[in-house]
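I have placed the structure first, in the form of structure tokens, so that the comments after it can refer back to it.
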Amino acid sequence: MSSTPGHIKGSGPHRSTSIGTARSDDALIGRKAGISTHVNNDYLTGFAHYQSRWARIRQTIREPAAEMLGTMMLTLVGNATNCQVVLSSNSGVASSQKGDYLSLSFGWACSVSLGAWIAGGVSGGHVNPVVTLCLAVFRGFPWKKVPGYVIGQLIGAWLGALLVFGNYLNAIAIVEGGKGKLSLKTGELFGSYALDYMSAPNCFFDEFLGTFVLLLVVFAITDKNNGPPPPGLVPLVVFIAILGIAVGFGMQTGMLSSPFAVSL
């Protein structure tokens, strides 16, 4: 059987479930080893047998760890954008406000695309439990990987938010009127709260629309039959999608599109 560049000889077709970059796992093995991708599966099996315990552990956690780093970048840049724009509106923090709603929209678009770029080559750059679950349901992403991906994403989101909170701790204290005081005034920087006039069905429909747009774009750019963009440009398409969702659906519920997303 003949083989094509980037695929292990004898391997079947591979449907990509990557967001950050559309890649073949088989091609990745060859590139990282610095050898031809025409590798015999028996050779790889034998190589794995002689790996150390730590090497096997590393191989097991590398994809969840990539999701953790990518999601940490997402919340790190996104939450920092929230803090800078909102906290700087207080004259005790800054002489003038540093940004507006459009700044928030661009900041979150940047954060998601950067996260996808960081994790894309290793895990596919899902950086969102909703994306992981939908790829498992509709695109054949292995269910056994879903728990590890989701746990990595949640830990990364928490770490990113924690770093931002520590960085803006003094500014938050000024806005709150003292250290150790926390309220919804600054809590909305790290959480999402619907506007007062929004009912539960309204909130659900608003979030459904935003998530639908996001997933439709994700499925389109990872479908090899749909003329997808080059692998390195996939996060750029994600940037455009998130920017569009932010400027169109961010007002009423904060553009969640994710269990851990932060309010705009």
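Residue numbering restarts at 1 for every chain of the structure tokens, chains are lettered A, B, ... in their displayed order, and ligands are numbered from 1 as they appear.
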Problem - Backbone DSSP call of alpha helix (DSSP H) for range 24-258 of chain A, listed as a ChimeraX atom specification - result: /A:25-33,41-49,53-87,101-123,129-138,146-167,169-176,184-187,200-221,234-253
Do you have, as a Markdown table, the list of residues of range 162-230 of chain A lying at most 12 Å from range 61-73 of chain A, each with its nearest atom pair and that distance in Å to one decimal, counting only C-alpha atoms and ordered by chain then number?
| residue | atom | partner | partner_atom | distance |
| --- | --- | --- | --- | --- |
| A:Leu162 | CA | A:Met72 | CA | 9.7 |
| A:Leu163 | CA | A:Met72 | CA | 9.3 |
| A:Val164 | CA | A:Met72 | CA | 10.4 |
Exercise for the section: For Asp196 in chain A, work out the shell of residues within 12 Å, counting only C-alpha atoms and skipping chain neighbours fewer than 6 positions away, then give it as a list of chain:residue names. Expected result: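 Here the answer would be A:Asn202, A:Cys203, A:Met251, A:Gln252, A:Thr253.
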Handout entry: CA of Ser95 in chain A to CA of Leu184 in chain A, distance in Å rounded to a single decimal
Key =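 These two atoms are separated by 23.3 Å.
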Fill in the blank from the handout: Taken to one decimal, the CA of Pro201 in chain A-CA of Thr75 in chain A distance is 27.0 Å
Practice task
To one decimal in Å, tell me the separation between CA of Trp158 in chain A and CA of Thr211 in chain A.
Solution key: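 A separation of 21.3 Å between them.
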Practice task
Would you list the contacts of Ser113 in chain A as a list in words, taking every protein, DNA or RNA residue within 10 Å and counting only C-alpha atoms, but skipping same-chain residues closer than 2 positions in sequence?
Solution key: Ile19, Gly20, Gly70, Met73, Leu74, Trp108, Ala109, Cys110, Ser111, Gly115, Ala116, Trp117, Ile118, Gly120, Gly125, Val127, Leu233, Val234, Pro235, Leu236, Val237, Val238, Phe239, Ile240, Ala241 and Ile242 of chain A
Keeping N, CA and C atoms for every residue in the selection just given, could you write it to a file as a short mmCIF file (atom, residue, chain, number, x, y, z; two decimals), in the first residue's frame?
data_model
loop_
_atom_site.label_atom_id
_atom_site.label_comp_id
_atom_site.auth_asym_id
_atom_site.auth_seq_id
_atom_site.Cartn_x
_atom_site.Cartn_y
_atom_site.Cartn_z
N ILE A 19 -8.43 22.34 16.78
CA ILE A 19 -8.89 23.70 16.58
C ILE A 19 -7.71 24.60 16.29
N GLY A 20 -6.67 24.52 17.15
CA GLY A 20 -5.52 25.39 16.98
C GLY A 20 -4.76 25.13 15.70
N GLY A 70 -3.11 26.32 27.31
CA GLY A 70 -3.89 27.12 26.37
C GLY A 70 -5.03 27.85 27.04
N MET A 73 -3.82 30.71 29.19
CA MET A 73 -3.57 31.90 28.39
C MET A 73 -4.88 32.61 28.05
N LEU A 74 -5.92 31.83 27.77
CA LEU A 74 -7.23 32.40 27.45
C LEU A 74 -7.74 33.28 28.60
N TRP A 108 -10.61 39.58 24.28
CA TRP A 108 -11.07 38.19 24.38
C TRP A 108 -10.84 37.42 23.08
N ALA A 109 -10.96 38.09 21.95
CA ALA A 109 -10.66 37.43 20.68
C ALA A 109 -9.18 37.03 20.63
N CYS A 110 -8.32 37.92 21.09
CA CYS A 110 -6.89 37.61 21.16
C CYS A 110 -6.62 36.46 22.12
N SER A 111 -7.28 36.47 23.26
CA SER A 111 -7.01 35.46 24.28
C SER A 111 -7.36 34.06 23.79
N GLY A 115 -4.63 31.08 22.98
CA GLY A 115 -4.76 29.78 23.64
C GLY A 115 -4.81 28.64 22.65
N ALA A 116 -5.53 28.85 21.55
CA ALA A 116 -5.62 27.82 20.51
C ALA A 116 -4.27 27.60 19.84
N TRP A 117 -3.51 28.66 19.64
CA TRP A 117 -2.19 28.55 19.04
C TRP A 117 -1.23 27.78 19.95
N ILE A 118 -1.28 28.06 21.23
CA ILE A 118 -0.37 27.41 22.18
C ILE A 118 -0.63 25.91 22.26
N GLY A 120 -2.61 24.08 20.13
CA GLY A 120 -3.04 23.44 18.89
C GLY A 120 -2.18 22.30 18.40
N GLY A 125 -5.98 22.27 20.59
CA GLY A 125 -6.37 23.63 20.99
C GLY A 125 -7.85 23.82 21.19
N VAL A 127 -9.42 24.34 24.20
CA VAL A 127 -9.48 25.37 25.25
C VAL A 127 -10.90 25.73 25.67
N LEU A 233 -3.10 29.15 10.27
CA LEU A 233 -4.01 30.28 10.24
C LEU A 233 -5.36 29.98 10.90
N VAL A 234 -5.53 28.76 11.38
CA VAL A 234 -6.80 28.40 12.02
C VAL A 234 -7.10 29.31 13.21
N PRO A 235 -6.12 29.59 14.11
CA PRO A 235 -6.43 30.51 15.22
C PRO A 235 -6.85 31.90 14.77
N LEU A 236 -6.41 32.32 13.58
CA LEU A 236 -6.84 33.61 13.07
C LEU A 236 -8.34 33.61 12.77
N VAL A 237 -8.83 32.49 12.24
CA VAL A 237 -10.26 32.36 11.99
C VAL A 237 -11.02 32.35 13.32
N VAL A 238 -10.44 31.68 14.32
CA VAL A 238 -11.05 31.67 15.65
C VAL A 238 -11.12 33.09 16.21
N PHE A 239 -10.06 33.87 15.99
CA PHE A 239 -10.04 35.28 16.42
C PHE A 239 -11.22 36.04 15.81
N ILE A 240 -11.43 35.87 14.52
CA ILE A 240 -12.52 36.57 13.84
C ILE A 240 -13.87 36.14 14.40
N ALA A 241 -14.01 34.82 14.65
CA ALA A 241 -15.28 34.31 15.17
C ALA A 241 -15.58 34.86 16.56
N ILE A 242 -14.59 34.84 17.45
CA ILE A 242 -14.81 35.34 18.81
C ILE A 242 -15.07 36.84 18.81
#
Handout entry: Minimum-distance residue to Ala194 in chain A, chosen among A:Gly248, A:Val77, A:Glu207, A:Val86 (using only C-alpha atoms)
Key =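 Closest candidate: A:Glu207.
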Practice task
Find, counting only C-alpha atoms, the residue in A:Thr60, A:Ser183, A:Gly156, A:Val247 that gets nearest to Gly210 in chain A.
Solution key: A:Val247
Exercise for the section: Write out as a VMD selection string each polymer residue whose atoms come within 10 Å of Tyr101 in chain A, counting only C-alpha atoms; drop sequence neighbours fewer than 4 positions from it. Expected result: chain A and resid 82 85 to 86 105 to 107 246 to 247 250 to 251 264
Export of prior selection with N, CA and C atoms as a tab-separated table (two decimals), in the first residue's frame:
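As written to disk, out.tsv reads:
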chain	number	residue	atom	x	y	z
A	82	ASN	N	-10.38	42.57	31.07
A	82	ASN	CA	-11.50	43.03	31.90
A	82	ASN	C	-11.02	43.97	33.00
A	85	VAL	N	-9.61	47.51	31.69
A	85	VAL	CA	-10.63	48.41	31.17
A	85	VAL	C	-11.55	48.89	32.29
A	86	VAL	N	-12.01	47.98	33.14
A	86	VAL	CA	-13.00	48.34	34.16
A	86	VAL	C	-12.36	49.07	35.34
A	105	SER	N	-13.72	43.30	23.56
A	105	SER	CA	-14.01	42.35	22.48
A	105	SER	C	-12.72	41.88	21.82
A	106	PHE	N	-11.82	42.82	21.52
A	106	PHE	CA	-10.54	42.45	20.91
A	106	PHE	C	-9.67	41.64	21.87
A	107	GLY	N	-9.69	42.02	23.16
A	107	GLY	CA	-8.90	41.29	24.14
A	107	GLY	C	-9.30	39.83	24.25
A	246	ALA	N	-18.42	38.48	20.27
A	246	ALA	CA	-18.31	39.47	21.35
A	246	ALA	C	-19.07	40.75	21.02
A	247	VAL	N	-18.91	41.25	19.79
A	247	VAL	CA	-19.55	42.51	19.45
A	247	VAL	C	-21.04	42.33	19.17
A	250	GLY	N	-22.32	39.90	23.27
A	250	GLY	CA	-21.65	40.03	24.57
A	250	GLY	C	-22.37	40.87	25.60
A	251	MET	N	-23.39	41.62	25.21
A	251	MET	CA	-23.99	42.59	26.12
A	251	MET	C	-24.86	41.95	27.20
A	264	LEU	N	-18.01	39.90	29.76
A	264	LEU	CA	-17.54	41.10	29.06
A	264	LEU	C	-18.26	42.33	29.62
Practice task
May I ask which of the residues A:Val146, A:Leu195, A:Leu182, A:Leu133 is the closest one to Leu215 in chain A, counting only C-alpha atoms?
Solution key: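 Among A:Val146, A:Leu195, A:Leu182, A:Leu133, it is A:Leu133 that comes nearest to Leu215 in chain A.
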Exercise for the section: Mind checking which residues fall within 7 Å of Val175 in chain A, counting only C-alpha atoms, ignoring those fewer than 3 positions away in the same chain, and posting them as JSON, numbers by chain? Expected result: {"A": [90, 171, 172]}
Practice task
Compare A:Gly160, A:Lys144, A:Ala119, A:Tyr149 by their minimum atom-to-atom distance to Thr132 in chain A, counting only C-alpha atoms, and give me the closest one.
Solution key: A:Tyr149
